[in-house]
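Chemist: Got a structure for you, questions after.
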Amino acid sequence: MQSPGEQAVAAAALRSDRFRLEREGDWQRLDAMVTAMEKGKLRKLSDDDVLALPVLYRNLLSSLSIARESSLDAGLIAYLESLTLRAYFMVYGTRTSLGGWCRSFFGGGLSRAVRAIWPDLLVALAAMVAGAVLGFFLVDADTDWYFRLVPAQFSDVRVPGASREALLSTLFGEADGDGLGVFAAYLFSNNAQVAIMAFALGFAFGVPSILLLVYNMVGLGAMVWLFASRGLAVEFIGWLSIHGTTELLAILLAGAAGLHIGRALGFPGQRSHMVALSQAGRTAAQVMAGVVVMLICAGLLEGFGRQLIQSTAIRYAIGYGIPALWLAYFFAFRPRRS
Amino acid sequence: MVRAADLGRTRGRDARLQRTLITPEGVALDVQVASASARAGALLIDLAALFGMYIAFILALVLTVWMFERANLPSVPDSIGGFLVVLFIIGTFLARNAYFLYFELGQRAATWGKRALGIRVAVRDGGRLTAEAVIARNLLRDIELFLPVMFMTSSGIQGSLSEFAAWAGLFWVGSFALFPLLNKDRLRCGDLIAGTWVVQAPKAQLAGLVATGVPENDLIAALPSDRYRFTEAELAVYGEYELQTLEQVLRTAKAESMQAVAATICSKIGWTPPIGDERAFLEAYYTQLRARLERGMRFGRRRADKNS
């Protein structure tokens, strides 16, 4: 009878080494494919390779399980672990392309996400209305509040005591097209940062989001009071409507997305805090991507439409037609889940 | 790139950062959460890259304007000037938001800084990394980092930065920066919201067989191939830990360490050290010890080290 040592010498290779030598080629093929995919050269893979990928991946998983239980080659196991992890990230990674994601996002994902946060939308709406009303009545009680509430860039001629004509000229005029593109880009960047802040601050139980919504609307309420005091309320709201409605809707959504996260943190329900937070975060992030798109539209409308369109009637029509379209898209557009 | 020789004992890594990830096929994979220092290093590299690109972008814009003036054109047409300002504003917005998004949505789910340090973003529960998760984790970066820094620099330049505001800003940045150190998974607030974490993505190469049995030179090849045979008792002195240490010694193949190890084994089992033929001796011992231990493994008997 041979001793175990003699057997090993006679075989020249261990049983676990034979196992390895038989499968090495497949692993290295998968390794090359994963490396190519990591470098973004997916298109360079042949059709055969792409078809073989799932099979090779499953085989690799079973190889790893067998090797762990039958081989003591630490270098081999480390290699298999690392290759499996890399292949796993490729197979279960971000597989959708940007285009594919956009299709599913605009084709229902965004609408679903907005509908999912409806309680937060109502709270955010209440906060905004309260902010505007607060601004209006604060200035009504004491005009000094106006200077505290309205940012300096807007209080050039638009100050309490300004004449009707001066106020009217800020609403109708500046029809020259120069600089509108710059203005649109500036407004977009500025509003997007405000919206991102309203969202991100939701982390602190949503309180800063509400404060930010109220703060943004107080100045608006104060300006409404100013124009109303000269009998220009209708014209002012028309001027505001053409861009403001899309923008206000976007900020409303951003604040609601922040509240959604704050609510998940405060009231996770049956889920653990971590699970609740990450679920809320993903829904809210979809809403935020939509918010950025809306703000681009708002910036374009604002930069070009606000000054180029001079009729109050058309301003109202555009100002309320577009948000109506947004709302219809969010709440009436319900494609079947694919 | 981790060399196979360094991987002899994976247990040597920081055990507090070791996690198990179950794939949908039910196989447990070892993942290592990226350490806080790796995260900080990656962020610094990313910020440096962003800053460099931003400077280059501004320089390109300035250069365009300068070229117009050099070419003796009357002056920069307003429409082009406006276009450049639009580019600048959009570029600033993109720098703040799109860099991280673009790279983390790619196949490697890692920015340049993360790639340089061999780490990547993954989903905590082992599922698919979605675009929503990447968006969520990066939107939070805005309040964690950019917002307070920009607030402090802009009001610092204007000279309106009060002492209280400066301290509050520092406290704000500091509390978000220290957040990853206060939880075991090194999660940033953005990771918390997105359900992601940052793990190491090691890239190991498949090293050759440990014991090939190929003789080093003709002199050794002339010796009988079965000159080293160990009895059961001689193999029973060591366990898996020693086997994998021996594997590391053989993979590194340094003459002096092989001599030392051969001498240690010989004194343990009562052999005379094989001077000049250590490699063949160690390969034979390795192969026979591994055969013995693997046979035990197949019957469910494992031996961690020589003391067990």
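Labeling convention for the structure tokens: chains A, B, ... as they appear, residues from 1 per chain, ligands from 1 in order of appearance.
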Residues within 10 Å of range 241-245 of chain B, please, as a ChimeraX atom specification. Count only C-alpha atoms; anything in the same chain fewer than 5 positions from it doesn't count.

Modeler: /A:72-75 /B:5,7-9,250-251,261,285-287,289-290,293,303-306

Chemist: Using only C-alpha atoms, determine which residues lie at most 12 Å from Lys254 in chain B, disregarding the query and same-chain residues fewer than 6 positions distant; provide the list as a list in words.

Modeler: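 What passes the distance filter is Ala5, Leu246, Gln248, Ala260, Val261, Glu278 and Arg279 of chain B.
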
Chemist: Only N, CA and C atoms, please: the residues just picked out, written as a PDB file, in the first residue's frame.

Modeler:
```pdb
ATOM      1  N   ALA B   5       1.691  36.705  -3.852  1.00  0.00           N
ATOM      2  CA  ALA B   5       2.568  36.381  -2.731  1.00  0.00           C
ATOM      3  C   ALA B   5       2.146  37.104  -1.460  1.00  0.00           C
ATOM      4  N   LEU B 246       4.171  28.681   4.254  1.00  0.00           N
ATOM      5  CA  LEU B 246       5.127  28.027   3.359  1.00  0.00           C
ATOM      6  C   LEU B 246       4.839  28.398   1.902  1.00  0.00           C
ATOM      7  N   GLN B 248       3.596  31.155   0.862  1.00  0.00           N
ATOM      8  CA  GLN B 248       4.106  32.510   0.654  1.00  0.00           C
ATOM      9  C   GLN B 248       5.622  32.497   0.440  1.00  0.00           C
ATOM     10  N   ALA B 260      16.110  29.276   5.796  1.00  0.00           N
ATOM     11  CA  ALA B 260      15.695  29.342   7.199  1.00  0.00           C
ATOM     12  C   ALA B 260      14.507  28.415   7.445  1.00  0.00           C
ATOM     13  N   VAL B 261      13.528  28.460   6.518  1.00  0.00           N
ATOM     14  CA  VAL B 261      12.320  27.649   6.710  1.00  0.00           C
ATOM     15  C   VAL B 261      12.660  26.167   6.614  1.00  0.00           C
ATOM     16  N   GLU B 278      17.096  23.355  -1.215  1.00  0.00           N
ATOM     17  CA  GLU B 278      15.962  23.702  -0.345  1.00  0.00           C
ATOM     18  C   GLU B 278      14.651  23.768  -1.099  1.00  0.00           C
ATOM     19  N   ARG B 279      14.711  24.283  -2.299  1.00  0.00           N
ATOM     20  CA  ARG B 279      13.461  24.496  -3.017  1.00  0.00           C
ATOM     21  C   ARG B 279      12.731  23.171  -3.260  1.00  0.00           C
TER      22      ARG B 279
END
```

Chemist: Quick one: pull the distance between CA of Val275 in chain A and CA of Thr196 in chain B, Å, one decimal.

Modeler: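 These atoms are spaced 10.8 Å apart.
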
Chemist: Can you pull out every residue within 12 Å of Ser209 in chain A, counting only C-alpha atoms, but drop anything in the same chain fewer than 4 positions away, and send it as a ChimeraX atom specification?

Modeler: /A:120,123-125,127-128,194-205,213-216,251-263

Chemist: Write out as a ChimeraX atom specification each polymer residue whose atoms come within 9 Å of range 107-115 of chain B, counting only C-alpha atoms; drop sequence neighbours fewer than 4 positions from it.

Modeler: /A:37-40,89-90,93-95 /B:38-39,41-47,49,99-103,119-122,129,134,201

Chemist: So the first atom is CA of Val139 in chain A and the second is CA of Ser241 in chain A; what is the distance between them in Å, to one decimal place?

Modeler: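 Taking CA of Val139 in chain A and CA of Ser241 in chain A, their separation equals 21.8 Å.
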
Chemist: With only C-alpha atoms as the basis for distance, which of A:Gly231, A:Gly281, A:Pro268, A:Gly219 is at the shortest distance from chain B?

Modeler: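 Closest to chain B, using only C-alpha atoms: A:Gly281.
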
Chemist: Which residue out of A:Leu211, A:Ile77, A:Val218, A:Ala162 has the minimum interatomic distance to chain B when only C-alpha atoms are used?

Modeler: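 Using only C-alpha atoms, chain B sits closest to A:Ile77.
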
Chemist: Mind giving me the straight-line distance from CA of Arg18 in chain A to CA of Ala291 in chain B in Å, one decimal?

Modeler: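 These two atoms are separated by 12.1 Å.
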
Chemist: Check the smallest atom-to-atom distance from each of A:Ser63, A:Lys44, A:Met288, A:Ile210 to Ala130 in chain A using only C-alpha atoms, then report the winner.

Modeler: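 Looking at the shortest contact to Ala130 in chain A, the residue is A:Ile210.
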
Chemist: Between B:Ser155, B:Ser267, B:Gln32, B:Gln259, which one has atoms that come closest to chain A, using only C-alpha atoms?

Modeler: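 Closest to chain A, using only C-alpha atoms: B:Gln32.
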
Chemist: Name the closest residue to chain B among the candidates A:Ala328, A:Leu83, A:Val133, A:Val114; distances are taken between atoms, counting only C-alpha atoms.

Modeler: A:Leu83

Chemist: Could you check the closest approach to Ala132 in chain A for each of A:Gly244, A:Pro119, A:Gly221, A:Gly108 and tell me which residue wins, using only C-alpha atoms?

Modeler: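 Result for the nearest residue to Ala132 in chain A: A:Gly221.
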
Chemist: Can you tell me which residues surround Val173 in chain B at a distance of at most 8 Å, considering only C-alpha atoms, apart from same-chain residues fewer than 3 positions away, and format the answer as a list in words?

Modeler: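 The contact residues come out as Glu144, Leu145, Pro148, Val149, Gly169, Leu170, Phe176 and Ala177 of chain B.
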